[in-house]
Structures are given as C-alpha cells and as structure tokens.
file input-v8.txt (compact mmCIF, C-alpha atoms)
# COMPACT_ATOMS: atom_id res chain seq x y z
CA MET A 28 -7.44 2.08 10.86
CA THR A 29 -9.25 0.77 7.78
CA VAL A 30 -9.34 -2.82 6.58
CA VAL A 31 -9.06 -3.05 2.80
CA ARG A 32 -9.63 -6.21 0.77
CA ALA A 33 -6.91 -6.15 -1.86
CA CYS A 34 -6.92 -8.08 -5.14
CA VAL A 35 -10.52 -9.27 -4.96
CA ARG A 36 -11.56 -11.89 -7.53
CA ASP A 37 -13.47 -10.98 -10.68
CA ASP A 38 -16.81 -11.80 -9.00
CA ARG A 39 -16.12 -8.95 -6.52
CA SER A 40 -17.13 -11.14 -3.59
CA ARG A 41 -16.93 -9.24 -0.33
CA LEU A 42 -15.53 -12.41 1.21
CA GLY A 43 -12.53 -12.46 -1.12
CA GLY A 44 -9.26 -10.63 -1.45
CA SER A 45 -6.51 -10.14 1.09
CA PRO A 46 -7.59 -8.18 4.21
CA THR A 47 -4.94 -5.51 4.77
CA ALA A 48 -4.81 -2.91 7.53
CA VAL A 49 -4.19 0.62 6.22
CA LEU A 50 -3.72 3.63 8.48
CA ASP A 51 -2.18 7.08 8.55
CA ASP A 52 1.33 6.94 9.95
CA GLY A 53 2.19 8.42 13.29
CA PRO A 54 4.66 8.12 16.18
CA PHE A 55 4.17 4.37 16.55
CA SER A 56 6.84 2.14 18.04
CA GLU A 57 8.16 -0.90 16.20
CA ASP A 58 6.17 -3.20 18.50
CA GLU A 59 2.96 -1.21 17.90
CA ARG A 60 3.40 -1.49 14.16
CA ARG A 61 3.96 -5.23 14.37
CA ARG A 62 0.80 -5.67 16.44
CA VAL A 63 -1.47 -3.97 13.89
CA PRO A 64 -1.87 -6.89 11.43
CA GLY A 65 -3.01 -9.29 14.15
CA ALA A 66 -5.36 -6.71 15.69
CA ALA A 67 -6.96 -6.16 12.28
CA GLY A 68 -7.22 -9.85 11.38
CA ALA A 69 -4.79 -9.26 8.52
CA SER A 70 -1.39 -10.57 7.48
CA HIS A 71 0.02 -7.13 6.63
CA ALA A 72 -0.35 -3.48 7.64
CA VAL A 73 0.41 -0.38 5.56
CA PHE A 74 1.33 2.97 7.12
CA VAL A 75 0.60 5.99 4.92
CA SER A 76 2.38 9.37 5.13
CA ALA A 77 1.45 12.43 3.05
CA ASP A 78 4.45 14.01 1.29
CA GLY A 79 2.76 17.04 -0.29
CA GLU A 80 3.18 16.98 -4.07
CA ARG A 81 5.68 15.71 -6.63
CA ASP A 82 5.47 17.23 -10.10
CA GLY A 83 1.95 18.49 -9.43
CA THR A 84 0.66 15.09 -8.24
CA PRO A 85 -0.26 14.17 -4.64
CA ALA A 86 2.67 12.36 -3.05
CA VAL A 87 2.54 9.64 -0.40
CA SER A 88 5.08 7.38 1.33
CA LEU A 89 4.25 3.81 2.37
CA ARG A 90 5.71 1.46 4.98
CA PHE A 91 4.73 -2.20 5.37
CA PHE A 92 4.72 -4.47 8.41
CA THR A 93 3.87 -8.05 9.33
CA SER A 94 3.98 -9.50 12.84
CA GLU A 95 7.67 -10.29 12.23
CA GLY A 96 8.70 -6.73 11.33
CA GLU A 97 9.06 -4.28 8.45
CA LEU A 98 9.15 -5.29 4.77
CA PRO A 99 11.04 -3.26 2.15
CA SER A 100 8.00 -3.46 -0.16
CA CYS A 101 4.64 -5.18 -0.45
CA GLY A 102 2.70 -5.42 -3.71
CA HIS A 103 -0.75 -6.25 -2.37
CA GLY A 104 -0.17 -3.72 0.42
CA THR A 105 0.42 -1.10 -2.28
CA VAL A 106 -2.84 -2.18 -3.95
CA ALA A 107 -4.64 -1.78 -0.60
CA ALA A 108 -3.10 1.66 0.01
CA LEU A 109 -4.20 2.87 -3.43
CA GLY A 110 -7.76 1.76 -2.71
CA TYR A 111 -7.69 3.49 0.67
CA LEU A 112 -6.32 6.74 -0.77
CA ALA A 113 -8.80 6.78 -3.65
CA ALA A 114 -11.73 6.16 -1.28
CA ARG A 115 -10.59 8.98 0.99
CA VAL A 116 -10.46 11.44 -1.93
CA GLY A 117 -13.74 10.17 -3.35
CA ALA A 118 -12.84 10.80 -7.00
CA ASP A 119 -13.82 8.42 -9.81
CA ARG A 120 -10.22 8.60 -11.09
CA TYR A 121 -7.18 9.11 -8.90
CA ARG A 122 -3.44 9.35 -9.47
CA VAL A 123 -0.70 9.57 -6.87
CA SER A 124 3.09 9.52 -6.65
CA LEU A 125 4.16 6.75 -4.26
CA ARG A 126 7.43 6.37 -2.42
CA VAL A 127 8.43 2.99 -1.04
CA ALA A 128 11.91 2.82 0.50
CA ASP A 129 14.12 4.56 -2.10
CA ARG A 130 11.81 4.05 -5.10
CA THR A 131 9.26 6.57 -6.42
CA PHE A 132 6.56 5.46 -8.87
CA ALA A 133 3.05 6.28 -10.05
CA GLY A 134 -0.14 4.65 -8.82
CA TRP A 135 -3.67 5.03 -10.14
CA ALA A 136 -7.24 4.03 -9.30
CA VAL A 137 -10.55 3.95 -11.20
CA ARG A 138 -13.85 3.51 -9.39
CA LYS A 139 -16.15 0.82 -10.85
CA ASP A 140 -19.47 0.52 -8.99
CA ALA A 141 -18.83 -1.09 -5.58
CA HIS A 142 -15.11 -1.70 -6.10
CA THR A 143 -12.06 0.16 -7.37
CA GLU A 144 -9.51 -1.05 -9.90
CA VAL A 145 -5.97 0.05 -9.04
CA GLY A 146 -2.54 -0.39 -10.57
CA PHE A 147 1.11 0.55 -10.37
CA GLU A 148 4.44 -0.34 -11.95
CA SER A 149 6.56 -2.84 -10.09
CA GLY A 150 10.25 -2.27 -9.50
CA PRO A 151 12.95 -4.07 -11.50
CA VAL A 152 12.87 -7.86 -11.30
CA GLU A 153 16.05 -9.91 -10.98
CA LEU A 154 15.94 -13.56 -12.09
CA ARG A 155 18.49 -16.34 -11.80
CA GLU A 156 18.66 -20.11 -11.72
CA PRO A 157 18.86 -21.65 -8.23
CA ALA A 158 22.35 -22.17 -6.90
CA GLY A 159 23.52 -25.61 -5.87
CA GLY A 160 21.37 -27.03 -3.09
CA GLU A 161 18.70 -24.30 -3.03
CA SER A 162 15.96 -26.34 -4.68
CA GLU A 163 17.03 -29.48 -2.83
CA LEU A 164 16.46 -27.78 0.54
CA VAL A 165 13.15 -26.16 -0.30
CA LEU A 166 11.21 -28.60 -2.50
CA PRO A 167 10.96 -31.42 0.09
CA ALA A 168 9.71 -28.91 2.67
CA LEU A 169 7.00 -27.87 0.20
CA GLY A 170 6.05 -31.52 -0.33
CA ILE A 171 6.91 -31.38 -4.04
CA ALA A 172 8.25 -34.60 -5.53
CA PRO A 173 10.16 -34.58 -8.84
CA ASP A 174 7.16 -35.89 -10.81
CA MET A 175 5.03 -32.96 -9.55
CA LEU A 176 7.51 -30.32 -10.68
CA GLY A 177 7.26 -28.27 -13.85
CA PRO A 178 10.20 -26.79 -15.77
CA GLY A 179 11.96 -23.57 -14.84
CA VAL A 180 12.46 -23.16 -11.07
CA ARG A 181 13.90 -19.68 -10.55
CA VAL A 182 15.06 -17.37 -7.79
CA ALA A 183 13.45 -13.97 -8.34
CA SER A 184 13.64 -10.65 -6.52
CA THR A 185 12.08 -7.20 -6.47
CA GLY A 186 14.15 -6.40 -3.39
CA ARG A 187 14.16 -9.73 -1.50
CA PRO A 188 14.64 -13.09 -3.22
CA ARG A 189 11.98 -15.76 -3.32
CA LEU A 190 11.77 -19.11 -5.12
CA LEU A 191 9.37 -19.45 -8.08
CA VAL A 192 8.31 -23.09 -8.27
CA PRO A 193 6.20 -24.44 -11.17
CA VAL A 194 3.98 -27.47 -10.67
CA ALA A 195 2.14 -29.51 -13.28
CA SER A 196 -1.47 -28.49 -12.56
CA ARG A 197 -3.92 -26.63 -10.36
CA SER A 198 -4.85 -29.90 -8.66
CA VAL A 199 -1.23 -30.52 -7.66
CA LEU A 200 -1.03 -26.96 -6.35
CA ALA A 201 -4.24 -27.28 -4.34
CA ALA A 202 -3.08 -30.50 -2.68
CA LEU A 203 0.18 -29.08 -1.30
CA ALA A 204 0.59 -29.19 2.49
CA PRO A 205 4.07 -27.82 3.28
CA ASP A 206 5.95 -28.55 6.48
CA MET A 207 6.05 -24.93 7.67
CA GLU A 208 8.79 -25.34 10.27
CA ARG A 209 11.02 -27.14 7.80
CA LEU A 210 10.22 -24.57 5.12
CA ARG A 211 11.00 -21.67 7.43
CA THR A 212 14.33 -23.23 8.37
CA ALA A 213 15.23 -23.73 4.70
CA CYS A 214 14.19 -20.20 3.69
CA ASP A 215 16.05 -18.65 6.63
CA ARG A 216 19.18 -20.59 5.75
CA LEU A 217 19.00 -19.48 2.10
CA GLY A 218 17.91 -15.89 2.77
CA LEU A 219 14.63 -16.38 0.89
CA LEU A 220 11.47 -14.39 1.55
CA GLY A 221 9.43 -17.49 0.74
CA CYS A 222 8.22 -19.74 -2.08
CA TYR A 223 5.71 -18.88 -4.80
CA VAL A 224 4.34 -22.09 -6.26
CA TYR A 225 2.32 -21.81 -9.46
CA SER A 226 0.44 -23.96 -11.97
CA ALA A 227 1.07 -24.09 -15.70
CA PRO A 228 -0.55 -21.07 -17.40
CA SER A 229 -3.34 -21.44 -19.93
CA PRO A 230 -2.76 -20.02 -23.45
CA SER A 231 -4.50 -16.82 -22.29
CA GLY A 232 -2.17 -16.50 -19.28
CA ARG A 233 -4.57 -17.61 -16.52
CA LEU A 234 -3.01 -19.65 -13.73
CA ALA A 235 -3.12 -20.26 -9.99
CA ALA A 236 -0.46 -19.73 -7.33
CA ARG A 237 0.18 -20.11 -3.60
CA MET A 238 2.77 -18.09 -1.68
CA PHE A 239 4.31 -19.64 1.45
CA ALA A 240 6.34 -17.22 3.59
CA PRO A 241 6.62 -18.48 7.20
CA SER A 242 9.91 -16.58 7.64
CA ILE A 243 7.97 -13.28 7.70
CA GLY A 244 5.13 -14.62 9.84
CA VAL A 245 2.82 -15.46 6.90
CA PRO A 246 2.50 -19.26 6.49
CA GLU A 247 0.41 -18.68 3.36
CA ASP A 248 -0.38 -15.33 1.75
CA ILE A 249 -3.84 -14.75 0.28
CA ALA A 250 -2.39 -12.52 -2.45
CA ASN A 251 1.19 -11.69 -3.33
CA ALA A 252 1.62 -9.08 -6.05
CA ASN A 253 5.41 -8.71 -5.97
CA SER A 254 5.87 -12.44 -6.57
CA THR A 255 3.32 -12.20 -9.38
CA ALA A 256 5.47 -9.45 -10.91
CA CYS A 257 8.47 -11.77 -10.66
CA LEU A 258 6.55 -14.55 -12.39
CA ALA A 259 5.34 -12.18 -15.12
CA ALA A 260 8.93 -11.16 -15.85
CA HIS A 261 9.97 -14.81 -15.97
CA LEU A 262 7.13 -15.87 -18.29
CA ALA A 263 7.67 -12.87 -20.56
CA GLY A 264 10.93 -14.53 -21.53
CA ARG A 265 8.79 -17.38 -22.87
CA GLY A 266 6.55 -15.11 -24.92
CA LEU A 267 3.70 -14.64 -22.43
CA ASP A 268 3.40 -10.92 -21.61
CA ARG A 269 0.09 -10.88 -19.71
CA ILE A 270 -1.05 -13.09 -16.81
CA ALA A 271 -3.95 -13.28 -14.35
CA VAL A 272 -3.12 -15.23 -11.20
CA ASP A 273 -5.74 -16.75 -8.90
CA MET A 274 -4.70 -17.03 -5.26
CA GLY A 275 -6.33 -17.45 -1.85
CA ASP A 276 -8.70 -20.31 -2.72
CA SER A 277 -7.01 -22.68 -0.28
CA LEU A 278 -7.69 -20.11 2.47
CA GLY A 279 -11.32 -19.47 1.51
CA SER A 280 -10.60 -15.94 0.30
CA PRO A 281 -10.39 -15.89 -3.51
CA ALA A 282 -8.06 -13.26 -4.94
CA THR A 283 -6.76 -12.41 -8.41
CA ILE A 284 -3.77 -10.31 -9.45
CA SER A 285 -3.08 -9.19 -13.01
CA ALA A 286 0.36 -8.43 -14.43
CA THR A 287 1.39 -7.10 -17.82
CA VAL A 288 4.95 -6.79 -19.07
CA LEU A 289 5.62 -3.67 -21.16
CA THR A 290 8.71 -2.40 -22.93
CA GLY A 291 10.21 0.53 -21.02
CA ALA A 292 13.00 2.95 -21.82
CA SER A 293 15.49 0.98 -19.72
CA GLY A 294 14.03 -2.50 -20.13
CA PRO A 295 10.90 -4.52 -19.35
CA VAL A 296 8.37 -2.97 -16.95
CA VAL A 297 5.76 -5.00 -15.05
CA ARG A 298 2.41 -3.31 -14.47
CA LEU A 299 0.40 -4.84 -11.61
CA GLY A 300 -3.32 -4.47 -11.04
CA GLY A 301 -6.14 -5.65 -8.82
CA GLY A 302 -9.61 -4.89 -7.53
CA VAL A 303 -10.07 -3.30 -4.10
CA LEU A 304 -12.93 -3.16 -1.59
CA VAL A 305 -12.65 -0.80 1.40
CA THR A 306 -14.57 -2.80 3.97
CA ARG A 307 -14.61 -1.20 7.38
CA PRO A 308 -13.12 1.71 9.32
CA GLY A 309 -11.83 1.23 12.83
CA SER A 310 -9.67 2.84 15.46
CA ARG A 311 -5.98 3.42 15.56
CA PRO A 312 -3.79 0.96 17.45

call {"tool": "encode", "arguments": {"input": "input-v8.txt", "output": "structure tokens"}}
result
Amino acid sequence: MTVVRACVRDDRSRLGGSPTAVLDDGPFSEDERRRVPGAAGASHAVFVSADGERDGTPAVSLRFFTSEGELPSCGHGTVAALGYLAARVGADRYRVSLRVADRTFAGWAVRKDAHTEVGFESGPVELREPAGGESELVLPALGIAPDMLGPGVRVASTGRPRLLVPVASRSVLAALAPDMERLRTACDRLGLLGCYVYSAPSPSGRLAARMFAPSIGVPEDIANANSTACLAAHLAGRGLDRIAVDMGDSLGSPATISATVLTGASGPVVRLGGGVLVTRPGSRP
C-alpha cells in the first residue's frame, strides 16, 4: 500500500493535499477494502488492476472505497492513482488508459522536480435546479442563512448527485460548521452524495470550496475533484471556462484542483488536474 497526497497546493507542501491509499488490487473482501482508508489515515482508497493495453497504451482499471463502501468514481482518487502509476514506471512523462466502472478515458502525468502534475478528462456532467424542498432541507443543516447564500444553487452529477452551494465569500465559507447528523439525514433522504459549498470566483477563476459528505463516511473531504468538475461545467455557462479551487484549509491540509472546460465533439469536456506527492510505501491490508 502506498499513501499518495493528491491535489497538493501550489507551494508543494508535503503537509498538504488529500492522503489517499493506493494499492494493487487482489482477492480482498468488501470488509477488507472498507478498512483500508482508516488503516492508512486516509478518507479514500484506490485499488488498481492492470488490464494490459488498449490501443497501444497501458491500460488500468480503478475501484474506489471509503469506510462506508464502494464509490462509482472518485476524482481525487484518480489523481492519486495517476501519481502512483507514474512513480512506479519512473518516466518523466506517462500516459495510461483508465477504466472506471463502464467509462474508459485517458490519464497523463508529467514529473516536475519533487512532485508530479497529473490530469484526466471528467465524465459528462448533469446539472439541474433543485427540486422543491431540496435546498430547504440541506441549507439549514449546513448552517447557511439566506443572507449568506450566493446565486445559483444547483444539483450536479458525474454519476451521483450532489448539491453545489454558492456563498458570498471565503470568510463565510471558512466559518461554516455544519450539523453533520442533520446533514447526513437530509442527504440520505434526497439521495445526495453530499454538498459542495464554494465562494464567489475571482475574475481569474480562483475560489475556495468545502465538500461535506457524511453519507459516505467523509464529514469533510480535503479535495473533491468530481465536484470541482461539476462546478466548472456550471460556471462555464456563465462564461468562466477555467477555475482553480482551494480546498482543505479548514482541515490543515491545503489542496488545489484545477478544471478547464473545453469544447468536445459531443459537447463540453471538463479536464481536471492536480499536483501529486507519493509519500510513503507500506504493507498490504
């Protein structure tokens, strides 16, 4: 097992990023997989399986687990896996074909001194306005009063829905102290993965966010790339096609995720990126 710090901040601090357990897959039981994140001091674990080659490129399948069970996808877990795979190969530049659930997509990595920059294209993003009662159940649990709220609450999904919640400023975001039991009850009732609360972006697209997901055993996530992809798709509709999102500061582990919206053959494509540090090897569970 290797612990990878995914989405480290621009200063490349070895104390930042989201610690993620990455290991080669094997005949592990469901319970063993769910125990890995806690044993590694991480919120998530990624299990990597070699698939030979696809179109002349190394091919790998990924599975993601928290203490609550398997996730259909995990953006920062994908970032961590790319860093792990690139470090194992030892090349300055690395490309791989990734399979997550029923989706196949390209990933890449470029070594830069002590860290590695990685990226991949997110899956399609679905956006909609909240249905009646959705915001009313969740916002009080987050501790967000009407005067703290920004415009444009949305439900967004790259496979599982989550609520995107804008607030007026970074200071409002930093002061949030959600009622986790109440939030979990609301998210479970609505079928939401969690809530991604974000500050108003600067003209250059820099902003801060916090992801609360107690329903999957993660009260607050240090870095959440899939939700950042959802936000990028939402903000692209307002003319902002590139964002850099700071996360993890409230947990003492600064992280940053970048997202760029490009025009693809079948519609908008979100390209996610982040810095990676491979911090320590360990033993299998």

call {"tool": "atom_distance", "arguments": {"input": "input-v8.txt", "atom1": "CA of Val73 (chain A)", "atom2": "CA of Ala107 (chain A)"}}
result
8.1 Å

call {"tool": "closest_residue", "arguments": {"input": "input-v8.txt", "among": "A:Gly79, A:Gly134, A:Gly218, A:Gly266", "to": "Glu161 (chain A)", "atoms": "all atoms listed in the file"}}
result
A:Gly218

call {"tool": "closest_residue", "arguments": {"input": "input-v8.txt", "among": "A:Leu220, A:Ala202, A:Leu262, A:Met238", "to": "Pro178 (chain A)", "atoms": "only C-alpha atoms"}}
result
A:Leu262

call {"tool": "closest_residue", "arguments": {"input": "input-v8.txt", "among": "A:Ser149, A:Ser56, A:Thr29, A:Ser88", "to": "Ser254 (chain A)", "atoms": "all atoms listed in the file"}}
result
A:Ser149

call {"tool": "residues_around", "arguments": {"input": "input-v8.txt", "residues": "Leu289 (chain A)", "least_positions_apart": "2", "cutoff": "10 Å", "atoms": "only C-alpha atoms", "output": "PyMOL selection string"}}
result
chain A and resi 148+260+263+268-269+286-287+291-292+294-298

call {"tool": "atom_distance", "arguments": {"input": "input-v8.txt", "atom1": "CA of Tyr225 (chain A)", "atom2": "CA of Leu89 (chain A)"}}
result
28.3 Å

call {"tool": "closest_residue", "arguments": {"input": "input-v8.txt", "among": "A:Gly170, A:Pro99, A:Pro157, A:Gly110", "to": "Ala141 (chain A)", "atoms": "only C-alpha atoms"}}
result
A:Gly110

call {"tool": "residues_around", "arguments": {"input": "input-v8.txt", "residues": "Gly177 (chain A)", "least_positions_apart": "2", "cutoff": "10 Å", "atoms": "all atoms listed in the file", "output": "ChimeraX atom specification"}}
result
/A:173-175,179-180,192-196,225-227

call {"tool": "residues_around", "arguments": {"input": "input-v8.txt", "residues": "Asn251 (chain A)", "least_positions_apart": "6", "cutoff": "12 Å", "atoms": "all atoms listed in the file", "output": "JSON, numbers by chain"}}
result
{"A": [33, 34, 44, 45, 47, 70, 71, 100, 101, 102, 103, 104, 105, 106, 107, 189, 220, 221, 222, 223, 224, 225, 235, 236, 237, 238, 239, 240, 245, 257, 258, 272, 273, 274, 275, 282, 283, 284, 285, 286, 299, 300, 301]}

call {"tool": "atom_distance", "arguments": {"input": "input-v8.txt", "atom1": "CA of Arg61 (chain A)", "atom2": "CA of Ser94 (chain A)"}}
result
4.5 Å

call {"tool": "axis_aligned_box", "arguments": {"input": "input-v8.txt", "around": "region 301-304 of chain A", "padding_each_side": "8 Å", "output": "JSON"}}
result
{"center_x": -9.5, "center_y": -4.4, "center_z": -5.2, "size_x": 22.8, "size_y": 18.5, "size_z": 23.2}

call {"tool": "closest_residue", "arguments": {"input": "input-v8.txt", "among": "A:Val303, A:Met28, A:Val127, A:Ala213", "to": "Leu42 (chain A)", "atoms": "only C-alpha atoms"}}
result
A:Val303

call {"tool": "residues_around", "arguments": {"input": "input-v8.txt", "residues": "Ala158 (chain A)", "least_positions_apart": "4", "cutoff": "10 Å", "atoms": "all atoms listed in the file", "output": "compact mmCIF listing (two decimals) with C-alpha atoms, in the frame of the given file"}}
result
# COMPACT_ATOMS: atom_id res chain seq x y z
CA SER A 162 15.96 -26.34 -4.68
CA GLU A 163 17.03 -29.48 -2.83
CA ARG A 181 13.90 -19.68 -10.55
CA VAL A 182 15.06 -17.37 -7.79
CA LEU A 217 19.00 -19.48 2.10

call {"tool": "residues_around", "arguments": {"input": "input-v8.txt", "residues": "Ala86 (chain A)", "least_positions_apart": "3", "cutoff": "8 Å", "atoms": "only C-alpha atoms", "output": "list in words"}}
result
Ala77, Asp78, Gly79, Glu80, Arg81, Val123, Ser124, Leu125 and Arg126 of chain A

call {"tool": "write_last_selection", "arguments": {"input": "input-v8.txt", "atoms": "C-alpha atoms", "output": "compact mmCIF listing (two decimals), in the frame of the given file"}}
result
# COMPACT_ATOMS: atom_id res chain seq x y z
CA ALA A 77 1.45 12.43 3.05
CA ASP A 78 4.45 14.01 1.29
CA GLY A 79 2.76 17.04 -0.29
CA GLU A 80 3.18 16.98 -4.07
CA ARG A 81 5.68 15.71 -6.63
CA VAL A 123 -0.70 9.57 -6.87
CA SER A 124 3.09 9.52 -6.65
CA LEU A 125 4.16 6.75 -4.26
CA ARG A 126 7.43 6.37 -2.42
